[in-house]
file upload_6.txt (compact mmCIF, C-alpha atoms)
# COMPACT_ATOMS: atom_id res chain seq x y z
CA MET A 1 -16.37 15.12 -8.23
CA THR A 2 -17.84 15.03 -4.74
CA ALA A 3 -18.23 18.54 -3.36
CA SER A 4 -17.59 17.40 0.22
CA CYS A 5 -14.41 15.44 -0.62
CA PRO A 6 -11.18 17.35 0.14
CA ILE A 7 -9.31 15.41 -2.55
CA CYS A 8 -11.92 16.19 -5.22
CA VAL A 9 -11.75 19.86 -4.21
CA ARG A 10 -7.96 19.78 -4.45
CA ILE A 11 -8.00 18.11 -7.87
CA SER A 12 -10.53 20.53 -9.25
CA ALA A 13 -8.31 23.46 -8.21
CA LEU A 14 -5.11 21.85 -9.50
CA THR A 15 -3.08 23.63 -12.17
CA PRO A 16 0.17 22.55 -13.87
CA GLY A 17 1.79 25.54 -12.16
CA ASP A 18 1.12 24.12 -8.70
CA PRO A 19 4.53 23.38 -7.10
CA ARG A 20 3.15 20.00 -5.95
CA PHE A 21 2.05 18.93 -9.43
CA ILE A 22 4.25 16.27 -11.00
CA ALA A 23 2.24 14.69 -13.82
CA GLU A 24 -1.17 13.61 -15.00
CA ARG A 25 -1.79 9.98 -15.88
CA PRO A 26 -4.87 8.31 -17.43
CA SER A 27 -6.27 7.32 -14.03
CA GLY A 28 -5.09 10.18 -11.85
CA TYR A 29 -2.49 12.67 -10.71
CA ALA A 30 1.00 12.42 -9.25
CA LEU A 31 1.54 15.11 -6.64
CA LEU A 32 4.27 15.75 -4.11
CA GLY A 33 3.23 15.56 -0.48
CA ASP A 34 3.23 18.88 1.33
CA HIS A 35 5.76 17.46 3.79
CA GLN A 36 9.08 16.16 2.52
CA ARG A 37 10.72 14.75 5.63
CA TYR A 38 10.89 11.59 3.50
CA ARG A 39 12.49 13.17 0.44
CA GLY A 40 10.39 12.44 -2.62
CA TYR A 41 7.16 11.60 -0.74
CA THR A 42 4.59 11.45 -3.54
CA LEU A 43 0.85 10.93 -3.72
CA PHE A 44 -0.89 9.26 -6.62
CA VAL A 45 -4.48 10.41 -6.47
CA GLY A 46 -7.24 8.67 -8.40
CA ARG A 47 -9.23 10.69 -10.87
CA ARG A 48 -12.50 9.23 -9.60
CA CYS A 49 -13.99 9.65 -6.13
CA VAL A 50 -14.07 5.99 -5.17
CA ARG A 51 -13.59 4.47 -1.72
CA GLU A 52 -12.03 1.06 -2.39
CA LEU A 53 -10.13 -0.52 -5.29
CA HIS A 54 -13.05 -2.81 -6.08
CA GLY A 55 -15.23 0.27 -6.56
CA LEU A 56 -13.45 0.79 -9.88
CA PRO A 57 -14.51 -1.13 -13.00
CA ARG A 58 -11.94 -3.83 -13.76
CA ASP A 59 -10.19 -2.00 -16.63
CA GLU A 60 -9.93 1.20 -14.59
CA ARG A 61 -8.57 -0.73 -11.62
CA THR A 62 -5.85 -2.20 -13.84
CA GLN A 63 -4.99 1.25 -15.20
CA PHE A 64 -4.96 2.84 -11.74
CA LEU A 65 -2.57 0.20 -10.38
CA ALA A 66 -0.31 0.42 -13.45
CA ASP A 67 -0.19 4.22 -13.26
CA MET A 68 0.67 4.06 -9.55
CA ALA A 69 3.44 1.56 -10.24
CA ASP A 70 4.87 3.73 -13.04
CA VAL A 71 4.90 6.77 -10.75
CA ALA A 72 6.43 4.71 -7.95
CA GLU A 73 9.20 3.51 -10.25
CA ALA A 74 9.95 7.10 -11.24
CA VAL A 75 10.11 8.13 -7.56
CA TYR A 76 12.50 5.27 -6.95
CA ARG A 77 14.72 6.18 -9.88
CA ALA A 78 14.74 9.84 -8.92
CA PHE A 79 15.74 9.33 -5.28
CA GLN A 80 17.36 5.87 -5.12
CA PRO A 81 16.00 5.09 -1.65
CA ARG A 82 16.84 2.03 0.39
CA LYS A 83 13.20 0.92 -0.08
CA LEU A 84 9.92 2.32 -1.30
CA ASN A 85 6.71 2.07 0.76
CA TYR A 86 3.39 1.94 -1.16
CA GLU A 87 0.26 2.61 0.88
CA LEU A 88 -3.38 2.98 -0.05
CA LEU A 89 -5.16 3.83 3.19
CA GLY A 90 -7.99 6.36 3.05
CA ASN A 91 -8.87 6.17 6.74
CA SER A 92 -9.43 9.92 6.94
CA VAL A 93 -10.26 10.79 3.33
CA ALA A 94 -11.75 7.85 1.45
CA HIS A 95 -10.94 8.90 -2.12
CA LEU A 96 -8.38 6.46 -3.56
CA HIS A 97 -4.89 7.90 -3.10
CA TRP A 98 -1.53 6.20 -2.78
CA HIS A 99 1.19 7.34 -0.40
CA LEU A 100 4.60 6.61 -1.91
CA PHE A 101 7.29 7.05 0.72
CA PRO A 102 10.97 6.66 -0.17
CA ARG A 103 12.79 5.18 2.80
CA TYR A 104 16.42 5.89 3.59
CA ASP A 105 19.14 4.42 5.76
CA ASP A 106 19.14 7.54 7.92
CA ASP A 107 15.36 7.53 8.52
CA ALA A 108 14.08 7.94 12.06
CA ASP A 109 13.29 4.20 12.02
CA PRO A 110 14.14 2.49 8.71
CA SER A 111 12.66 -0.86 9.71
CA TRP A 112 9.18 0.46 10.54
CA PRO A 113 6.49 2.36 8.57
CA VAL A 114 6.68 6.13 8.73
CA TRP A 115 3.53 6.61 10.74
CA ASN A 116 5.10 6.58 14.20
CA ASP A 117 7.46 9.42 13.33
CA PRO A 118 6.28 12.50 15.27
CA GLN A 119 8.11 14.72 12.77
CA LEU A 120 6.33 13.19 9.74
CA PHE A 121 4.08 16.17 9.09
CA ALA A 122 5.89 18.75 11.25
CA ALA A 123 7.40 21.08 8.62
CA PRO A 124 5.91 21.73 5.17
CA ALA A 125 8.35 22.00 2.28
CA THR A 126 8.81 25.30 0.51
CA ASP A 127 7.51 25.82 -3.02
CA GLN A 128 11.09 25.96 -4.27
CA GLU A 129 11.91 22.60 -2.68
CA LEU A 130 8.74 21.08 -4.13
CA ARG A 131 9.51 22.30 -7.65
CA GLU A 132 13.03 20.88 -7.49
CA LEU A 133 11.86 17.48 -6.20
CA GLY A 134 8.93 17.34 -8.63
CA GLY A 135 11.25 18.07 -11.54
CA ARG A 136 13.32 15.04 -10.61
CA VAL A 137 10.30 12.72 -10.60
CA ARG A 138 9.02 14.20 -13.86
CA ALA A 139 12.38 13.64 -15.51
CA ALA A 140 12.42 10.02 -14.32
CA LEU A 141 8.86 9.50 -15.61
CA ALA A 142 9.85 10.84 -19.02
CA GLY A 143 13.17 8.99 -19.19
CA MET B 144 13.94 -18.89 -3.70
CA THR B 145 16.53 -17.05 -1.64
CA ALA B 146 17.77 -19.24 1.21
CA SER B 147 18.33 -16.24 3.50
CA CYS B 148 14.87 -14.72 2.90
CA PRO B 149 12.36 -15.51 5.68
CA ILE B 150 9.45 -15.19 3.25
CA CYS B 151 11.01 -17.60 0.75
CA VAL B 152 11.61 -20.05 3.59
CA ARG B 153 8.01 -19.68 4.74
CA ILE B 154 6.62 -20.20 1.23
CA SER B 155 8.75 -23.26 0.61
CA ALA B 156 7.40 -24.84 3.82
CA LEU B 157 3.78 -23.86 3.11
CA THR B 158 1.14 -26.58 2.81
CA PRO B 159 -2.59 -26.27 2.10
CA GLY B 160 -3.13 -27.60 5.62
CA ASP B 161 -1.43 -24.58 7.21
CA PRO B 162 -4.10 -22.71 9.22
CA ARG B 163 -2.79 -19.45 7.72
CA PHE B 164 -3.15 -20.61 4.11
CA ILE B 165 -6.05 -19.02 2.25
CA ALA B 166 -5.37 -19.51 -1.46
CA GLU B 167 -2.76 -19.66 -4.17
CA ARG B 168 -2.92 -17.22 -7.07
CA PRO B 169 -0.81 -17.02 -10.28
CA SER B 170 1.59 -14.50 -8.77
CA GLY B 171 1.61 -15.53 -5.11
CA TYR B 172 -0.11 -16.67 -1.94
CA ALA B 173 -2.84 -15.26 0.27
CA LEU B 174 -2.09 -15.98 3.92
CA LEU B 175 -3.64 -14.79 7.14
CA GLY B 176 -1.41 -12.75 9.40
CA ASP B 177 -0.38 -14.50 12.60
CA HIS B 178 -2.00 -11.68 14.57
CA GLN B 179 -5.67 -10.93 14.10
CA ARG B 180 -6.23 -7.85 16.25
CA TYR B 181 -7.51 -6.39 12.95
CA ARG B 182 -9.91 -9.21 12.10
CA GLY B 183 -9.16 -10.53 8.65
CA TYR B 184 -5.58 -9.18 8.42
CA THR B 185 -4.23 -10.89 5.32
CA LEU B 186 -0.89 -10.99 3.54
CA PHE B 187 -0.51 -11.41 -0.17
CA VAL B 188 3.01 -12.69 -0.72
CA GLY B 189 4.67 -12.62 -4.13
CA ARG B 190 5.86 -15.90 -5.58
CA ARG B 191 9.17 -14.35 -6.61
CA CYS B 192 11.84 -12.94 -4.31
CA VAL B 193 11.85 -9.39 -5.62
CA ARG B 194 12.48 -6.19 -3.69
CA GLU B 195 10.40 -3.55 -5.53
CA LEU B 196 7.43 -3.63 -7.91
CA HIS B 197 9.60 -2.51 -10.82
CA GLY B 198 11.78 -5.58 -10.24
CA LEU B 199 9.00 -7.63 -11.83
CA PRO B 200 8.65 -7.89 -15.62
CA ARG B 201 5.68 -5.79 -16.75
CA ASP B 202 3.25 -8.69 -17.27
CA GLU B 203 4.11 -10.18 -13.88
CA ARG B 204 3.69 -6.78 -12.23
CA THR B 205 0.21 -6.49 -13.72
CA GLN B 206 -0.70 -9.99 -12.53
CA PHE B 207 0.70 -9.38 -9.04
CA LEU B 208 -1.32 -6.18 -8.62
CA ALA B 209 -4.49 -7.80 -9.99
CA ASP B 210 -4.10 -10.82 -7.71
CA MET B 211 -3.58 -8.54 -4.71
CA ALA B 212 -6.68 -6.56 -5.61
CA ASP B 213 -8.77 -9.73 -5.98
CA VAL B 214 -7.63 -10.98 -2.58
CA ALA B 215 -8.28 -7.55 -1.06
CA GLU B 216 -11.79 -7.52 -2.45
CA ALA B 217 -12.44 -10.95 -0.95
CA VAL B 218 -11.15 -9.75 2.44
CA TYR B 219 -13.47 -6.77 2.17
CA ARG B 220 -16.48 -8.90 1.26
CA ALA B 221 -15.73 -11.39 4.03
CA PHE B 222 -15.41 -8.84 6.84
CA GLN B 223 -17.24 -5.73 5.64
CA PRO B 224 -14.83 -3.31 7.32
CA ARG B 225 -15.24 0.45 7.47
CA LYS B 226 -12.16 0.68 5.19
CA LEU B 227 -9.40 -1.51 3.87
CA ASN B 228 -5.71 -0.53 4.13
CA TYR B 229 -3.35 -1.86 1.43
CA GLU B 230 0.36 -1.63 2.21
CA LEU B 231 3.44 -2.87 0.39
CA LEU B 232 6.36 -1.99 2.67
CA GLY B 233 9.22 -4.46 2.94
CA ASN B 234 11.34 -2.36 5.30
CA SER B 235 12.34 -5.42 7.32
CA VAL B 236 11.91 -8.22 4.78
CA ALA B 237 12.29 -7.01 1.21
CA HIS B 238 10.38 -9.77 -0.60
CA LEU B 239 7.23 -8.25 -2.11
CA HIS B 240 4.30 -8.78 0.28
CA TRP B 241 1.11 -6.83 0.80
CA HIS B 242 -0.41 -6.15 4.19
CA LEU B 243 -4.21 -5.98 3.86
CA PHE B 244 -5.70 -4.59 7.06
CA PRO B 245 -9.47 -4.36 7.49
CA ARG B 246 -10.23 -1.29 9.58
CA TYR B 247 -13.24 -1.02 11.85
CA ASP B 248 -15.16 1.69 13.65
CA ASP B 249 -14.02 0.30 17.00
CA ASP B 250 -10.30 0.22 16.10
CA ALA B 251 -7.80 1.70 18.53
CA ASP B 252 -7.51 4.68 16.13
CA PRO B 253 -9.68 4.34 13.00
CA SER B 254 -8.34 7.51 11.38
CA TRP B 255 -4.66 6.48 11.48
CA PRO B 256 -2.66 3.53 10.08
CA VAL B 257 -2.36 0.50 12.36
CA TRP B 258 1.36 0.88 13.02
CA ASN B 259 1.13 2.98 16.16
CA ASP B 260 -1.05 0.43 17.91
CA PRO B 261 1.09 -1.18 20.65
CA GLN B 262 -1.26 -4.19 20.65
CA LEU B 263 -0.87 -4.81 16.89
CA PHE B 264 1.31 -7.89 17.23
CA ALA B 265 0.70 -8.61 20.92
CA ALA B 266 -1.37 -11.81 20.79
CA PRO B 267 -1.16 -14.41 18.01
CA ALA B 268 -4.43 -15.96 16.87
CA THR B 269 -5.13 -19.61 17.53
CA ASP B 270 -5.14 -22.14 14.70
CA GLN B 271 -8.89 -22.53 15.12
CA GLU B 272 -9.45 -18.79 14.76
CA LEU B 273 -7.20 -18.69 11.69
CA ARG B 274 -9.04 -21.57 10.00
CA GLU B 275 -12.40 -19.89 10.60
CA LEU B 276 -11.23 -16.52 9.26
CA GLY B 277 -9.40 -18.07 6.30
CA GLY B 278 -12.51 -20.02 5.35
CA ARG B 279 -14.45 -16.76 5.13
CA VAL B 280 -11.90 -15.17 2.77
CA ARG B 281 -11.73 -18.34 0.66
CA ALA B 282 -15.50 -18.43 0.32
CA ALA B 283 -15.52 -14.78 -0.77
CA LEU B 284 -12.74 -15.46 -3.30
CA ALA B 285 -14.73 -18.33 -4.78
CA GLY B 286 -18.07 -16.53 -4.76
call {"tool": "encode", "arguments": {"input": "upload_6.txt", "output": "structure tokens"}}
result
Amino acid sequence: MTASCPICVRISALTPGDPRFIAERPSGYALLGDHQRYRGYTLFVGRRCVRELHGLPRDERTQFLADMADVAEAVYRAFQPRKLNYELLGNSVAHLHWHLFPRYDDDADPSWPVWNDPQLFAAPATDQELRELGGRVRAALAG
Amino acid sequence: MTASCPICVRISALTPGDPRFIAERPSGYALLGDHQRYRGYTLFVGRRCVRELHGLPRDERTQFLADMADVAEAVYRAFQPRKLNYELLGNSVAHLHWHLFPRYDDDADPSWPVWNDPQLFAAPATDQELRELGGRVRAALAG
């Protein structure tokens, strides 16, 4: 826990009743993104406040990547997108977190990453929408 | 090998003398990107023509993620960026391949992904530049 890290602060305040909460995994947390323009947009947030993958000990790195891939597969199974995009960036907040974006045929620009879309973070989802979407990912993770 | 897949075609034509070639790993190939606006931009291309991570058997998935992370660490050590961006997209060519972008303080927009940068793919690097950059990643991989 780093007191100045927004992701650490968010994790420490997280409860299973949070509409964004999907599941806990050994190395971190699966959470829905606040914005659901790309239906099923999920974050997988590392438990530890580390900047780069190689900042994790080898066994934790392996676990973190496997947990991300399991969550990603569940997102895929829940939403059946055309393609999934997996992105570990951290340019603004350097605490390991994956962006998992389902991509659809009717996207603004299906052949390009989401980041040029001016509507990407325009409208936050409602709690009800988040709970419904999170339930679908949770069911796929359990199934 | 899928005859219609541009990445399969590229791999099948790859030789160690290619200025883009960095190294072979159990699950794939580390190659420099043709465009080096983000110095050290490296691709890690899967050996198998598979669309999503969960299309790989579990042991191959683990190896592919570990190989990517080893290559990413070498890119980081070679170029000492502010941050590394790791992206598995495949929106245009759906054969598993990671984009590893070193990000620097003097980037066009250090806080955002590279994909809005109109100069991203504007000027291909020369063979001489590629050989010099690839040598640095290879040395870091070996070290």
call {"tool": "atom_distance", "arguments": {"input": "upload_6.txt", "atom1": "atom CA of B:Ala221", "atom2": "atom CA of A:Leu88"}}
result
19.4 Å
call {"tool": "atom_distance", "arguments": {"input": "upload_6.txt", "atom1": "atom CA of B:Gln271", "atom2": "atom CA of B:Asp161"}}
result
11.1 Å
call {"tool": "atom_distance", "arguments": {"input": "upload_6.txt", "atom1": "atom CA of A:Met1", "atom2": "atom CA of B:Tyr219"}}
result
24.4 Å
call {"tool": "closest_residue", "arguments": {"input": "upload_6.txt", "among": "A:Leu96, A:Gly17, A:Phe121, A:Ala3", "to": "A:His54", "atoms": "only C-alpha atoms"}}
result
A:Leu96
call {"tool": "closest_atom_pairs", "arguments": {"input": "upload_6.txt", "of": "chain B", "to": "chain A", "cutoff": "9 Å", "atoms": "all atoms listed in the file", "output": "Markdown table"}}
result
| residue | atom | partner | partner_atom | distance |
| --- | --- | --- | --- | --- |
| B:Arg194 | CA | A:Lys83 | CA | 8.0 |
| B:Glu195 | CA | A:Leu84 | CA | 7.3 |
| B:Leu196 | CA | A:Ala69 | CA | 6.9 |
| B:His197 | CA | A:Glu73 | CA | 6.1 |
| B:Arg204 | CA | A:Ala66 | CA | 8.3 |
| B:Thr205 | CA | A:Ala66 | CA | 6.9 |
| B:Leu208 | CA | A:Leu65 | CA | 6.7 |
| B:Ala209 | CA | A:Thr62 | CA | 6.9 |
| B:Ala212 | CA | A:Leu53 | CA | 7.0 |
| B:Asp213 | CA | A:His54 | CA | 8.1 |
| B:Ala215 | CA | A:His54 | CA | 8.4 |
| B:Glu216 | CA | A:His54 | CA | 6.1 |
| B:Arg225 | CA | A:Asn91 | CA | 8.6 |
| B:Lys226 | CA | A:Asn91 | CA | 6.6 |
| B:Leu227 | CA | A:Leu89 | CA | 6.9 |
| B:Asn228 | CA | A:Leu89 | CA | 4.5 |
| B:Tyr229 | CA | A:Leu88 | CA | 5.1 |
| B:Glu230 | CA | A:Glu87 | CA | 4.4 |
| B:Leu231 | CA | A:Tyr86 | CA | 5.1 |
| B:Leu232 | CA | A:Asn85 | CA | 4.5 |
| B:Gly233 | CA | A:Asn85 | CA | 7.3 |
| B:Asn234 | CA | A:Ser111 | CA | 4.8 |
| B:Ser235 | CA | A:Ser111 | CA | 5.2 |
| B:Val236 | CA | A:Ser111 | CA | 8.9 |
| B:Ala237 | CA | A:Lys83 | CA | 8.1 |
| B:Arg246 | CA | A:Asn91 | CA | 8.1 |
| B:Pro253 | CA | A:Asn91 | CA | 6.6 |
| B:Ser254 | CA | A:Asn91 | CA | 4.9 |
| B:Trp255 | CA | A:Asn91 | CA | 6.3 |
| B:Pro256 | CA | A:Trp115 | CA | 6.9 |
| B:Val257 | CA | A:Trp115 | CA | 8.6 |
| B:Trp258 | CA | A:Trp115 | CA | 6.5 |
| B:Asn259 | CA | A:Asn116 | CA | 5.7 |
call {"tool": "closest_residue", "arguments": {"input": "upload_6.txt", "among": "B:Gln223, B:Ser170, B:Ser147, B:Thr158", "to": "B:Gly183", "atoms": "all atoms listed in the file"}}
result
B:Gln223
call {"tool": "residues_around", "arguments": {"input": "upload_6.txt", "residues": "A:Gly134", "least_positions_apart": "2", "cutoff": "7 Å", "atoms": "all atoms listed in the file", "output": "CSV table (one decimal) with C-alpha atoms, in the frame of the given file"}}
result
chain,number,residue,atom,x,y,z
A,20,ARG,CA,3.2,20.0,-6.0
A,22,ILE,CA,4.2,16.3,-11.0
A,32,LEU,CA,4.3,15.8,-4.1
A,130,LEU,CA,8.7,21.1,-4.1
A,131,ARG,CA,9.5,22.3,-7.6
A,132,GLU,CA,13.0,20.9,-7.5
A,136,ARG,CA,13.3,15.0,-10.6
A,137,VAL,CA,10.3,12.7,-10.6
A,138,ARG,CA,9.0,14.2,-13.9
call {"tool": "residues_around", "arguments": {"input": "upload_6.txt", "residues": "A:Arg47", "least_positions_apart": "2", "cutoff": "7 Å", "atoms": "all atoms listed in the file", "output": "PyMOL selection string"}}
result
chain A and resi 27-28+45+49
call {"tool": "write_last_selection", "arguments": {"input": "upload_6.txt", "atoms": "C-alpha atoms", "output": "short mmCIF file (atom, residue, chain, number, x, y, z; two decimals), in the coordinates of the input"}}
result
data_model
loop_
_atom_site.label_atom_id
_atom_site.label_comp_id
_atom_site.auth_asym_id
_atom_site.auth_seq_id
_atom_site.Cartn_x
_atom_site.Cartn_y
_atom_site.Cartn_z
CA SER A 27 -6.27 7.32 -14.03
CA GLY A 28 -5.09 10.18 -11.85
CA VAL A 45 -4.48 10.41 -6.47
CA CYS A 49 -13.99 9.65 -6.13
#
